[in-house]
$ cat my_file_34.cif   # mmCIF, C-alpha atoms
data_protein
loop_
_atom_site.label_atom_id
_atom_site.label_comp_id
_atom_site.auth_asym_id
_atom_site.auth_seq_id
_atom_site.Cartn_x
_atom_site.Cartn_y
_atom_site.Cartn_z
CA MET Y 1 10.56 -15.70 16.41
CA ILE Y 2 12.01 -13.34 13.81
CA SER Y 3 14.62 -13.90 11.15
CA GLN Y 4 15.88 -11.18 8.85
CA ILE Y 5 18.20 -10.94 5.87
CA GLU Y 6 19.35 -8.10 3.63
CA PHE Y 7 20.57 -8.63 0.08
CA SER Y 8 20.86 -6.88 -3.28
CA LEU Y 9 19.07 -7.69 -6.50
CA GLU Y 10 20.92 -7.70 -9.77
CA PRO Y 11 20.14 -4.53 -11.76
CA PHE Y 12 16.85 -4.73 -13.65
CA LYS Y 13 15.83 -2.55 -16.55
CA ARG Y 14 12.99 -0.06 -16.18
CA GLY Y 15 9.65 -1.87 -15.92
CA PHE Y 16 8.02 -4.55 -13.79
CA HIS Y 17 9.76 -7.84 -12.96
CA LEU Y 18 8.71 -11.03 -11.21
CA ILE Y 19 11.05 -11.67 -8.25
CA THR Y 20 9.19 -14.26 -6.15
CA ASP Y 21 11.75 -17.01 -6.70
CA GLU Y 22 14.68 -14.67 -6.04
CA ILE Y 23 13.16 -13.72 -2.70
CA THR Y 24 12.30 -17.25 -1.58
CA SER Y 25 15.82 -18.41 -2.51
CA HIS Y 26 17.14 -16.30 0.38
CA ILE Y 27 14.91 -17.70 3.13
CA ASP Y 28 14.06 -21.06 4.68
CA ILE Y 29 10.39 -21.23 5.65
CA GLY Y 30 9.80 -24.95 5.17
CA SER Y 31 9.24 -25.64 8.86
CA ILE Y 32 7.02 -22.63 9.63
CA GLU Y 33 3.41 -23.60 10.30
CA ALA Y 34 2.02 -20.05 10.35
CA GLY Y 35 3.77 -16.73 9.95
CA LEU Y 36 4.27 -13.65 7.82
CA LEU Y 37 6.89 -12.56 5.31
CA HIS Y 38 7.72 -8.86 4.99
CA VAL Y 39 9.78 -7.63 2.04
CA PHE Y 40 11.04 -4.03 2.07
CA ILE Y 41 12.86 -2.09 -0.64
CA LYS Y 42 15.38 0.50 0.58
CA HIS Y 43 14.83 2.95 -2.29
CA THR Y 44 12.44 5.78 -3.18
CA SER Y 45 12.39 5.25 -6.95
CA ALA Y 46 11.43 1.56 -7.08
CA SER Y 47 8.49 -0.35 -5.60
CA LEU Y 48 7.18 -3.75 -4.55
CA THR Y 49 3.69 -5.03 -5.33
CA ILE Y 50 1.84 -8.30 -5.87
CA ASN Y 51 0.23 -9.17 -9.18
CA GLU Y 52 -0.19 -11.75 -11.92
CA ASN Y 53 2.67 -14.21 -12.24
CA ALA Y 54 1.79 -15.74 -15.61
CA ASP Y 55 1.27 -13.61 -18.73
CA PRO Y 56 4.22 -11.18 -19.14
CA THR Y 57 1.98 -8.71 -21.00
CA VAL Y 58 0.48 -7.78 -17.63
CA ARG Y 59 3.87 -6.42 -16.58
CA LEU Y 60 4.17 -4.49 -19.87
CA ASP Y 61 0.73 -2.97 -19.35
CA PHE Y 62 1.72 -1.93 -15.81
CA GLU Y 63 4.62 0.03 -17.29
CA SER Y 64 2.37 1.66 -19.92
CA HIS Y 65 -0.33 2.55 -17.42
CA PHE Y 66 1.93 4.13 -14.85
CA ASN Y 67 3.90 6.02 -17.50
CA ARG Y 68 0.65 7.63 -18.62
CA PHE Y 69 -0.86 8.34 -15.21
CA VAL Y 70 2.43 9.43 -13.61
CA PRO Y 71 3.86 11.44 -16.50
CA GLU Y 72 7.43 12.58 -17.08
CA ASP Y 73 8.19 16.29 -17.39
CA ALA Y 74 4.86 17.47 -15.99
CA PRO Y 75 4.93 21.29 -16.13
CA TYR Y 76 4.25 21.53 -12.40
CA TYR Y 77 7.22 19.38 -11.27
CA LYS Y 78 9.81 21.39 -9.34
CA HIS Y 79 12.10 18.42 -8.60
CA ASP Y 80 13.58 17.90 -12.08
CA TYR Y 81 17.36 18.10 -11.81
CA GLU Y 82 17.87 14.33 -11.48
CA GLY Y 83 16.33 13.62 -14.90
CA SER Y 84 12.91 13.16 -16.47
CA ASP Y 85 12.47 9.70 -14.95
CA ASP Y 86 13.24 10.75 -11.37
CA MET Y 87 10.15 12.55 -10.03
CA PRO Y 88 7.74 10.05 -11.67
CA ALA Y 89 9.79 7.27 -10.06
CA HIS Y 90 9.20 8.77 -6.60
CA LEU Y 91 5.46 9.05 -7.27
CA LYS Y 92 5.19 5.49 -8.61
CA SER Y 93 7.11 4.22 -5.58
CA SER Y 94 4.56 5.69 -3.17
CA THR Y 95 1.53 4.78 -5.30
CA LEU Y 96 2.58 1.13 -5.41
CA GLY Y 97 4.38 0.90 -2.09
CA SER Y 98 7.76 0.07 -0.56
CA SER Y 99 6.84 -3.26 0.99
CA VAL Y 100 4.63 -6.32 0.74
CA THR Y 101 3.49 -8.60 3.57
CA ILE Y 102 2.47 -12.16 2.69
CA PRO Y 103 1.18 -14.98 4.92
CA ILE Y 104 3.26 -18.11 5.41
CA THR Y 105 1.20 -21.28 5.87
CA SER Y 106 2.41 -24.87 6.25
CA GLY Y 107 5.94 -24.08 5.14
CA ARG Y 108 5.05 -22.07 2.03
CA LEU Y 109 4.16 -18.54 0.97
CA ASN Y 110 0.36 -18.59 0.97
CA LEU Y 111 -0.05 -16.72 -2.30
CA GLY Y 112 -2.97 -17.28 -4.64
CA THR Y 113 -2.34 -19.43 -7.71
CA TRP Y 114 -1.76 -16.42 -9.95
CA GLN Y 115 0.08 -14.14 -7.51
CA GLY Y 116 3.75 -13.22 -7.62
CA ILE Y 117 5.93 -10.45 -6.19
CA TYR Y 118 6.79 -7.65 -8.63
CA LEU Y 119 9.76 -5.33 -8.47
CA GLY Y 120 8.76 -2.01 -10.02
CA GLU Y 121 11.97 -0.49 -11.37
CA HIS Y 122 11.02 3.08 -12.13
CA ARG Y 123 14.38 4.60 -13.10
CA ASP Y 124 15.97 4.22 -16.52
CA ARG Y 125 19.16 3.03 -14.84
CA GLY Y 126 18.23 2.18 -11.27
CA GLY Y 127 21.16 -0.15 -10.66
CA SER Y 128 21.19 -2.79 -7.95
CA ARG Y 129 18.38 -2.52 -5.38
CA LYS Y 130 18.63 -3.54 -1.72
CA LEU Y 131 15.87 -5.57 -0.07
CA VAL Y 132 15.32 -6.47 3.59
CA VAL Y 133 13.30 -9.64 4.12
CA THR Y 134 11.86 -10.29 7.58
CA VAL Y 135 10.10 -13.53 8.54
CA TYR Y 136 8.11 -13.69 11.76
CA TYR Y 137 6.47 -16.82 13.06
CA MET C 1 7.57 -9.26 22.02
CA ILE C 2 5.27 -6.39 21.10
CA SER C 3 5.20 -2.82 22.29
CA GLN C 4 2.61 -0.29 21.18
CA ILE C 5 1.96 3.40 21.67
CA GLU C 6 -0.71 5.81 20.46
CA PHE C 7 -0.14 9.56 20.17
CA SER C 8 -1.32 12.61 18.25
CA LEU C 9 0.62 14.71 15.78
CA GLU C 10 0.43 18.47 15.87
CA PRO C 11 -1.81 19.78 13.09
CA PHE C 12 -0.07 19.97 9.71
CA LYS C 13 -1.20 22.02 6.75
CA ARG C 14 -2.40 20.30 3.59
CA GLY C 15 0.48 18.61 1.78
CA PHE C 16 3.22 16.08 2.48
CA HIS C 17 5.40 16.25 5.60
CA LEU C 18 8.42 14.34 6.84
CA ILE C 19 7.61 12.77 10.25
CA THR C 20 10.37 10.16 10.72
CA ASP C 21 11.97 11.91 13.70
CA GLU C 22 8.61 12.58 15.35
CA ILE C 23 7.81 8.86 15.15
CA THR C 24 11.17 7.62 16.41
CA SER C 25 11.00 10.07 19.33
CA HIS C 26 8.11 8.01 20.74
CA ILE C 27 9.83 4.60 20.70
CA ASP C 28 12.94 2.97 22.07
CA ILE C 29 14.36 0.44 19.60
CA GLY C 30 18.05 0.74 20.46
CA SER C 31 18.30 -2.77 21.88
CA ILE C 32 16.30 -4.57 19.18
CA GLU C 33 18.48 -6.76 16.97
CA ALA C 34 15.79 -7.56 14.37
CA GLY C 35 12.16 -6.54 14.23
CA LEU C 36 9.50 -4.54 12.45
CA LEU C 37 7.91 -1.16 13.04
CA HIS C 38 4.28 -0.64 12.02
CA VAL C 39 2.82 2.88 11.90
CA PHE C 40 -0.93 3.29 11.43
CA ILE C 41 -2.98 6.46 10.95
CA LYS C 42 -6.50 6.41 12.40
CA HIS C 43 -8.06 8.64 9.72
CA THR C 44 -9.56 8.25 6.24
CA SER C 45 -8.46 11.61 4.82
CA ALA C 46 -4.74 11.41 5.53
CA SER C 47 -2.08 8.84 4.60
CA LEU C 48 1.34 7.44 5.39
CA THR C 49 3.97 6.61 2.80
CA ILE C 50 7.75 6.37 2.45
CA ASN C 51 9.69 8.62 0.11
CA GLU C 52 12.64 10.97 -0.32
CA ASN C 53 13.81 12.65 2.86
CA ALA C 54 16.10 15.30 1.34
CA ASP C 55 14.83 17.76 -1.27
CA PRO C 56 11.55 19.38 -0.08
CA THR C 57 10.46 19.95 -3.70
CA VAL C 58 9.68 16.23 -3.86
CA ARG C 59 6.94 16.78 -1.26
CA LEU C 60 5.61 19.77 -3.21
CA ASP C 61 5.47 17.70 -6.39
CA PHE C 62 3.59 14.95 -4.52
CA GLU C 63 0.92 17.50 -3.64
CA SER C 64 0.73 18.77 -7.24
CA HIS C 65 0.57 15.29 -8.73
CA PHE C 66 -2.15 13.94 -6.48
CA ASN C 67 -4.20 17.13 -6.81
CA ARG C 68 -4.22 16.61 -10.55
CA PHE C 69 -4.83 12.86 -10.63
CA VAL C 70 -7.35 12.87 -7.76
CA PRO C 71 -9.27 16.03 -8.68
CA GLU C 72 -11.60 18.10 -6.53
CA ASP C 73 -15.22 18.59 -7.60
CA ALA C 74 -15.20 15.79 -10.18
CA PRO C 75 -18.66 15.82 -11.78
CA TYR C 76 -19.24 12.17 -10.84
CA TYR C 77 -18.61 12.58 -7.08
CA LYS C 78 -21.74 11.95 -5.01
CA HIS C 79 -20.04 12.45 -1.62
CA ASP C 80 -19.61 16.24 -1.71
CA TYR C 81 -21.29 17.70 1.37
CA GLU C 82 -18.10 17.77 3.49
CA GLY C 83 -16.33 20.16 1.11
CA SER C 84 -14.33 20.02 -2.11
CA ASP C 85 -11.28 18.60 -0.38
CA ASP C 86 -13.10 15.72 1.33
CA MET C 87 -13.73 13.07 -1.34
CA PRO C 88 -10.27 13.53 -2.93
CA ALA C 89 -8.80 13.11 0.57
CA HIS C 90 -10.48 9.72 0.92
CA LEU C 91 -9.18 8.61 -2.48
CA LYS C 92 -5.64 9.81 -1.78
CA SER C 93 -5.71 8.03 1.58
CA SER C 94 -6.44 4.68 -0.06
CA THR C 95 -4.11 5.24 -3.02
CA LEU C 96 -1.18 5.95 -0.71
CA GLY C 97 -2.19 3.79 2.26
CA SER C 98 -2.99 4.00 5.97
CA SER C 99 0.15 2.33 7.28
CA VAL C 100 3.82 1.66 6.66
CA THR C 101 5.89 -1.28 7.91
CA ILE C 102 9.66 -0.83 8.19
CA PRO C 103 12.36 -3.29 9.27
CA ILE C 104 14.33 -2.67 12.47
CA THR C 105 17.93 -3.90 12.32
CA SER C 106 20.68 -3.55 14.96
CA GLY C 107 18.75 -1.01 16.98
CA ARG C 108 17.76 1.29 14.11
CA LEU C 109 15.07 1.70 11.48
CA ASN C 110 16.58 -0.01 8.44
CA LEU C 111 15.56 2.65 5.93
CA GLY C 112 17.58 3.43 2.83
CA THR C 113 19.76 6.53 2.93
CA TRP C 114 17.15 8.68 1.22
CA GLN C 115 14.00 7.25 2.77
CA GLY C 116 11.76 8.97 5.29
CA ILE C 117 8.17 8.59 6.49
CA TYR C 118 5.68 11.05 4.99
CA LEU C 119 2.41 12.17 6.46
CA GLY C 120 0.02 12.96 3.63
CA GLU C 121 -2.39 15.57 5.00
CA HIS C 122 -5.15 15.68 2.42
CA ARG C 123 -7.67 18.02 4.08
CA ASP C 124 -7.41 21.81 4.06
CA ARG C 125 -7.81 21.79 7.84
CA GLY C 126 -7.26 18.22 8.97
CA GLY C 127 -6.37 19.08 12.54
CA SER C 128 -4.41 16.78 14.82
CA ARG C 129 -3.97 13.19 13.54
CA LYS C 130 -3.72 10.09 15.71
CA LEU C 131 -1.07 7.45 15.05
CA VAL C 132 -0.62 3.96 16.53
CA VAL C 133 2.96 2.69 16.45
CA THR C 134 3.56 -1.02 17.03
CA VAL C 135 7.03 -2.54 17.39
CA TYR C 136 7.43 -6.30 17.23
CA TYR C 137 10.70 -8.07 17.75
CA MET D 1 1.99 -15.83 19.30
CA ILE D 2 0.42 -16.18 15.86
CA SER D 3 -2.99 -17.42 14.82
CA GLN D 4 -4.11 -17.69 11.22
CA ILE D 5 -7.28 -18.57 9.36
CA GLU D 6 -8.24 -18.79 5.70
CA PHE D 7 -11.82 -18.40 4.47
CA SER D 8 -13.83 -17.34 1.44
CA LEU D 9 -16.08 -14.33 1.07
CA GLU D 10 -19.46 -14.64 -0.60
CA PRO D 11 -19.32 -13.23 -4.14
CA PHE D 12 -19.66 -9.44 -4.26
CA LYS D 13 -20.60 -7.39 -7.28
CA ARG D 14 -18.08 -5.04 -8.87
CA GLY D 15 -17.38 -2.08 -6.61
CA PHE D 16 -16.25 -1.36 -3.07
CA HIS D 17 -17.74 -3.16 -0.07
CA LEU D 18 -17.37 -2.82 3.68
CA ILE D 19 -16.17 -6.17 5.16
CA THR D 20 -14.94 -5.24 8.64
CA ASP D 21 -17.63 -7.26 10.46
CA GLU D 22 -17.18 -10.27 8.19
CA ILE D 23 -13.47 -10.31 9.02
CA THR D 24 -13.83 -9.86 12.77
CA SER D 25 -16.47 -12.64 12.87
CA HIS D 26 -13.70 -15.13 11.99
CA ILE D 27 -11.26 -14.19 14.76
CA ASP D 28 -11.20 -13.93 18.54
CA ILE D 29 -9.07 -11.01 19.68
CA GLY D 30 -10.93 -10.11 22.89
CA SER D 31 -8.06 -11.13 25.16
CA ILE D 32 -5.21 -9.55 23.15
CA GLU D 33 -3.72 -6.51 24.88
CA ALA D 34 -1.53 -5.40 21.94
CA GLY D 35 -1.03 -6.94 18.54
CA LEU D 36 -1.53 -6.63 14.81
CA LEU D 37 -4.08 -8.01 12.37
CA HIS D 38 -2.98 -8.76 8.80
CA VAL D 39 -5.59 -9.45 6.11
CA PHE D 40 -4.43 -10.74 2.72
CA ILE D 41 -6.45 -11.34 -0.44
CA LYS D 42 -5.26 -14.24 -2.63
CA HIS D 43 -6.26 -12.63 -5.95
CA THR D 44 -4.78 -10.20 -8.46
CA SER D 45 -8.02 -8.56 -9.58
CA ALA D 46 -9.41 -7.49 -6.20
CA SER D 47 -7.96 -5.39 -3.40
CA LEU D 48 -8.13 -4.48 0.27
CA THR D 49 -8.00 -0.95 1.62
CA ILE D 50 -9.18 1.09 4.61
CA ASN D 51 -11.61 3.97 4.23
CA GLU D 52 -14.82 5.58 5.44
CA ASN D 53 -17.30 3.22 7.04
CA ALA D 54 -20.34 5.48 7.12
CA ASP D 55 -21.69 7.15 3.98
CA PRO D 56 -22.07 4.56 1.16
CA THR D 57 -21.58 7.28 -1.48
CA VAL D 58 -17.87 7.21 -0.62
CA ARG D 59 -17.73 3.64 -1.95
CA LEU D 60 -19.62 4.67 -5.10
CA ASP D 61 -17.18 7.51 -5.70
CA PHE D 62 -14.26 5.11 -5.27
CA GLU D 63 -15.67 3.02 -8.11
CA SER D 64 -16.19 6.09 -10.33
CA HIS D 65 -12.72 7.47 -9.62
CA PHE D 66 -10.80 4.28 -10.30
CA ASN D 67 -12.85 3.53 -13.42
CA ARG D 68 -11.77 6.89 -14.80
CA PHE D 69 -8.12 6.80 -13.77
CA VAL D 70 -7.62 3.10 -14.58
CA PRO D 71 -9.59 2.94 -17.82
CA GLU D 72 -10.92 -0.11 -19.64
CA ASP D 73 -9.79 -0.80 -23.20
CA ALA D 74 -6.85 1.59 -23.11
CA PRO D 75 -5.27 1.46 -26.59
CA TYR D 76 -1.87 0.49 -25.13
CA TYR D 77 -3.09 -2.58 -23.20
CA LYS D 78 -1.63 -5.80 -24.57
CA HIS D 79 -3.27 -8.09 -21.98
CA ASP D 80 -6.88 -7.97 -23.25
CA TYR D 81 -8.03 -11.53 -23.89
CA GLU D 82 -9.67 -11.98 -20.46
CA GLY D 83 -12.15 -9.13 -21.04
CA SER D 84 -12.28 -5.35 -20.77
CA ASP D 85 -12.46 -5.47 -16.98
CA ASP D 86 -9.40 -7.70 -16.52
CA MET D 87 -6.32 -5.51 -17.04
CA PRO D 88 -7.84 -2.54 -15.14
CA ALA D 89 -8.60 -4.98 -12.30
CA HIS D 90 -4.91 -5.93 -12.08
CA LEU D 91 -3.87 -2.27 -12.02
CA LYS D 92 -6.46 -1.34 -9.38
CA SER D 93 -5.35 -4.30 -7.27
CA SER D 94 -1.75 -3.04 -7.15
CA THR D 95 -2.70 0.63 -6.77
CA LEU D 96 -4.84 -0.12 -3.73
CA GLY D 97 -2.96 -3.16 -2.39
CA SER D 98 -3.42 -6.82 -1.53
CA SER D 99 -3.34 -6.51 2.24
CA VAL D 100 -4.05 -4.27 5.22
CA THR D 101 -2.38 -4.34 8.63
CA ILE D 102 -4.29 -2.91 11.60
CA PRO D 103 -3.27 -2.55 15.26
CA ILE D 104 -5.11 -4.54 17.93
CA THR D 105 -5.36 -2.74 21.28
CA SER D 106 -7.16 -3.85 24.46
CA GLY D 107 -9.06 -6.61 22.71
CA ARG D 108 -10.30 -4.60 19.73
CA LEU D 109 -9.21 -3.48 16.28
CA ASN D 110 -7.75 -0.04 16.92
CA LEU D 111 -9.38 1.64 13.93
CA GLY D 112 -10.38 5.29 13.90
CA THR D 113 -14.06 6.07 14.41
CA TRP D 114 -14.73 6.35 10.68
CA GLN D 115 -12.45 3.58 9.40
CA GLY D 116 -13.55 0.26 7.95
CA ILE D 117 -12.00 -2.42 5.74
CA TYR D 118 -13.03 -2.29 2.08
CA LEU D 119 -13.00 -5.13 -0.39
CA GLY D 120 -12.35 -3.72 -3.85
CA GLU D 121 -14.01 -6.12 -6.29
CA HIS D 122 -12.62 -5.07 -9.65
CA ARG D 123 -14.03 -7.77 -11.94
CA ASP D 124 -17.57 -7.79 -13.31
CA ARG D 125 -17.99 -11.33 -12.02
CA GLY D 126 -15.13 -11.97 -9.61
CA GLY D 127 -16.84 -14.79 -7.74
CA SER D 128 -15.86 -15.84 -4.24
CA ARG D 129 -12.59 -14.36 -2.95
CA LYS D 130 -10.19 -16.09 -0.53
CA LEU D 131 -8.73 -14.19 2.42
CA VAL D 132 -5.97 -15.18 4.87
CA VAL D 133 -6.20 -13.44 8.24
CA THR D 134 -3.16 -13.54 10.52
CA VAL D 135 -3.18 -12.23 14.09
CA TYR D 136 0.11 -11.75 15.92
CA TYR D 137 0.37 -10.69 19.51
#

$ encode --input "my_file_34.cif" --output "structure tokens"
Amino acid sequence: MISQIEFSLEPFKRGFHLITDEITSHIDIGSIEAGLLHVFIKHTSASLTINENADPTVRLDFESHFNRFVPEDAPYYKHDYEGSDDMPAHLKSSTLGSSVTIPITSGRLNLGTWQGIYLGEHRDRGGSRKLVVTVYY
Amino acid sequence: MISQIEFSLEPFKRGFHLITDEITSHIDIGSIEAGLLHVFIKHTSASLTINENADPTVRLDFESHFNRFVPEDAPYYKHDYEGSDDMPAHLKSSTLGSSVTIPITSGRLNLGTWQGIYLGEHRDRGGSRKLVVTVYY
Amino acid sequence: MISQIEFSLEPFKRGFHLITDEITSHIDIGSIEAGLLHVFIKHTSASLTINENADPTVRLDFESHFNRFVPEDAPYYKHDYEGSDDMPAHLKSSTLGSSVTIPITSGRLNLGTWQGIYLGEHRDRGGSRKLVVTVYY
């Protein structure tokens, strides 16, 4: 069995944001004994990843780390006409990934205690982002 | 329902290459209302990722970025007997990933307007690469 | 059809470790003609990835590379109270990923000849790690 829904997130500012609750609000998995949840982002300058859901400084450090190791205005970038934040956003998107897949067990996402789903918004003004959530069970 | 096919790509030169059309030419998803497509590469020195399908300079900048942040001949590499491009190829493969999973909706890959599937060919002469494509619906 | 199992790995020391056989020992896929295997790690300071299963120096070079490009004690880290190895572990976890998905074909994992599943243990003392393995076919 497969169910699928597409929806848009409100615009987030540049950085990393916890969106687990937003995603689960769109699906009903309470009666699924075993399955998988796939979340896909339909953009090349934002990303999805799983990381710590508690201390918000982890999300700040993600932004600092990826800004340093995927720099803006690198002298070798040829794709620069969409702004300084554009090419790094593409690189961050592929480094972190466009989708996450998470087990569903006994009616709940089977995440570890400290895991949550992050949106990586890599543009200065990325606007609203579209997600496709697919549940198979 | 699951369908699966394995095939080989023609050899690509080192760099990033758009292979969306090549992949969809091997599958028939026109009658699938909702499902998922999984593409897997059976190699440890090449990768699959999703990024911008329009301006080819994005693919050039991917190559430049990963060459700089996954250097050849790093003094601390111990695995060096397969050539300067070998150990970086392994590291790029894991940084970018060996597979992509994409939603299928109303008979089409539900990619964003600007998204395509990239092959990352990380060896100087990687030769033909084998892919396994699995569709579940 | 979906089957799912959760189990714990023995503690591994910091670094990269080949766990393909450990994973396949927990599942029975011999009668599956076509399917997918999903492995998920329930932690934010360890990772799963696919890479070379032969020469152990590849795993050593992975550790050296990610220690250099995801440094400890970076001056801009704000999340530092869990130890020098903690924030880099979160970043490595998201760079490499929390799950792998691998095709099953004719009763076997359809990996390339040289591919194996790596556990990335990014903490100095990460302890036992929980995995959820889901097979769908």

$ resolve_selection --input "my_file_34.cif" --expression "the PyMOL selection byres ((chain C) within 6 of (chain Y))" --output "list in words"
Asn51, Glu52, Thr57, Val58, Asp61, Leu96, Leu111 and Gly112 of chain C

$ resolve_selection --input "my_file_34.cif" --expression "the PyMOL selection byres ((chain D and resi 105) around 10)" --output "list in words"
Gln4, Ile5, Glu6 and Val132 of chain C; Ile29, Gly30, Ser31, Ile32, Glu33, Ala34, Gly35, Leu36, Ile102, Pro103, Ile104, Ser106, Gly107, Arg108, Leu109, Asn110, Leu111 and Tyr137 of chain D

$ resolve_selection --input "my_file_34.cif" --expression "the PyMOL selection byres ((chain Y and resi 7-13) around 10)" --output "ChimeraX atom specification"
/Y:5-6,14-17,19,22-23,26,41-42,119-133

$ calpha_fit_and_write --input "my_file_34.cif" --fixed "chain C" --moving "chain D" --output "short mmCIF file (atom, residue, chain, number, x, y, z; two decimals) with C-alpha atoms, in the coordinates of the input"
data_model
loop_
_atom_site.label_atom_id
_atom_site.label_comp_id
_atom_site.auth_asym_id
_atom_site.auth_seq_id
_atom_site.Cartn_x
_atom_site.Cartn_y
_atom_site.Cartn_z
CA MET D 1 7.58 -9.26 21.99
CA ILE D 2 5.27 -6.39 21.09
CA SER D 3 5.19 -2.81 22.29
CA GLN D 4 2.61 -0.28 21.18
CA ILE D 5 1.95 3.40 21.68
CA GLU D 6 -0.72 5.81 20.47
CA PHE D 7 -0.14 9.56 20.17
CA SER D 8 -1.32 12.61 18.25
CA LEU D 9 0.62 14.69 15.77
CA GLU D 10 0.45 18.47 15.87
CA PRO D 11 -1.82 19.77 13.09
CA PHE D 12 -0.07 19.98 9.71
CA LYS D 13 -1.20 22.02 6.75
CA ARG D 14 -2.39 20.31 3.58
CA GLY D 15 0.49 18.62 1.79
CA PHE D 16 3.22 16.09 2.48
CA HIS D 17 5.39 16.26 5.59
CA LEU D 18 8.42 14.34 6.82
CA ILE D 19 7.63 12.76 10.25
CA THR D 20 10.36 10.16 10.70
CA ASP D 21 11.96 11.92 13.70
CA GLU D 22 8.60 12.57 15.35
CA ILE D 23 7.81 8.86 15.15
CA THR D 24 11.16 7.60 16.40
CA SER D 25 11.01 10.06 19.34
CA HIS D 26 8.11 8.01 20.75
CA ILE D 27 9.81 4.60 20.70
CA ASP D 28 12.94 2.96 22.06
CA ILE D 29 14.35 0.44 19.61
CA GLY D 30 18.06 0.76 20.47
CA SER D 31 18.31 -2.76 21.89
CA ILE D 32 16.30 -4.57 19.17
CA GLU D 33 18.49 -6.76 16.96
CA ALA D 34 15.78 -7.56 14.38
CA GLY D 35 12.16 -6.54 14.22
CA LEU D 36 9.49 -4.54 12.44
CA LEU D 37 7.90 -1.15 13.04
CA HIS D 38 4.27 -0.64 12.02
CA VAL D 39 2.80 2.88 11.90
CA PHE D 40 -0.95 3.29 11.43
CA ILE D 41 -2.98 6.47 10.94
CA LYS D 42 -6.51 6.41 12.40
CA HIS D 43 -8.06 8.64 9.72
CA THR D 44 -9.55 8.25 6.25
CA SER D 45 -8.46 11.60 4.82
CA ALA D 46 -4.72 11.41 5.53
CA SER D 47 -2.08 8.85 4.62
CA LEU D 48 1.34 7.44 5.39
CA THR D 49 3.97 6.62 2.80
CA ILE D 50 7.75 6.37 2.44
CA ASN D 51 9.69 8.63 0.09
CA GLU D 52 12.64 10.98 -0.32
CA ASN D 53 13.82 12.65 2.86
CA ALA D 54 16.08 15.29 1.36
CA ASP D 55 14.84 17.77 -1.25
CA PRO D 56 11.55 19.38 -0.08
CA THR D 57 10.47 19.94 -3.70
CA VAL D 58 9.69 16.21 -3.86
CA ARG D 59 6.95 16.78 -1.27
CA LEU D 60 5.62 19.77 -3.23
CA ASP D 61 5.48 17.69 -6.40
CA PHE D 62 3.60 14.95 -4.54
CA GLU D 63 0.92 17.50 -3.66
CA SER D 64 0.73 18.78 -7.26
CA HIS D 65 0.58 15.28 -8.74
CA PHE D 66 -2.15 13.94 -6.49
CA ASN D 67 -4.20 17.13 -6.82
CA ARG D 68 -4.21 16.60 -10.57
CA PHE D 69 -4.84 12.86 -10.63
CA VAL D 70 -7.36 12.88 -7.76
CA PRO D 71 -9.27 16.03 -8.68
CA GLU D 72 -11.59 18.11 -6.52
CA ASP D 73 -15.20 18.60 -7.60
CA ALA D 74 -15.19 15.80 -10.16
CA PRO D 75 -18.66 15.82 -11.77
CA TYR D 76 -19.24 12.16 -10.82
CA TYR D 77 -18.61 12.58 -7.07
CA LYS D 78 -21.73 11.95 -5.02
CA HIS D 79 -20.05 12.44 -1.62
CA ASP D 80 -19.61 16.24 -1.69
CA TYR D 81 -21.29 17.69 1.39
CA GLU D 82 -18.10 17.76 3.51
CA GLY D 83 -16.32 20.15 1.12
CA SER D 84 -14.34 20.01 -2.12
CA ASP D 85 -11.28 18.60 -0.37
CA ASP D 86 -13.11 15.71 1.33
CA MET D 87 -13.73 13.05 -1.33
CA PRO D 88 -10.27 13.53 -2.93
CA ALA D 89 -8.80 13.13 0.57
CA HIS D 90 -10.48 9.72 0.93
CA LEU D 91 -9.18 8.61 -2.48
CA LYS D 92 -5.64 9.83 -1.77
CA SER D 93 -5.71 8.05 1.59
CA SER D 94 -6.44 4.68 -0.06
CA THR D 95 -4.11 5.25 -3.01
CA LEU D 96 -1.17 5.95 -0.72
CA GLY D 97 -2.20 3.80 2.27
CA SER D 98 -2.99 4.00 5.97
CA SER D 99 0.15 2.34 7.28
CA VAL D 100 3.83 1.66 6.66
CA THR D 101 5.89 -1.28 7.91
CA ILE D 102 9.67 -0.83 8.20
CA PRO D 103 12.37 -3.30 9.27
CA ILE D 104 14.33 -2.67 12.47
CA THR D 105 17.93 -3.91 12.33
CA SER D 106 20.69 -3.56 14.96
CA GLY D 107 18.77 -1.00 16.97
CA ARG D 108 17.76 1.30 14.11
CA LEU D 109 15.08 1.70 11.48
CA ASN D 110 16.58 -0.02 8.45
CA LEU D 111 15.57 2.64 5.94
CA GLY D 112 17.58 3.43 2.83
CA THR D 113 19.77 6.53 2.94
CA TRP D 114 17.16 8.68 1.21
CA GLN D 115 14.00 7.25 2.77
CA GLY D 116 11.76 8.98 5.29
CA ILE D 117 8.17 8.59 6.49
CA TYR D 118 5.69 11.05 4.98
CA LEU D 119 2.41 12.16 6.46
CA GLY D 120 0.01 12.96 3.63
CA GLU D 121 -2.39 15.57 5.00
CA HIS D 122 -5.15 15.67 2.41
CA ARG D 123 -7.66 18.01 4.07
CA ASP D 124 -7.40 21.80 4.06
CA ARG D 125 -7.80 21.77 7.83
CA GLY D 126 -7.26 18.20 8.98
CA GLY D 127 -6.37 19.08 12.55
CA SER D 128 -4.42 16.77 14.82
CA ARG D 129 -3.98 13.20 13.53
CA LYS D 130 -3.75 10.08 15.72
CA LEU D 131 -1.08 7.45 15.05
CA VAL D 132 -0.63 3.96 16.54
CA VAL D 133 2.95 2.70 16.46
CA THR D 134 3.56 -1.01 17.04
CA VAL D 135 7.02 -2.53 17.39
CA TYR D 136 7.44 -6.30 17.22
CA TYR D 137 10.70 -8.07 17.76
#
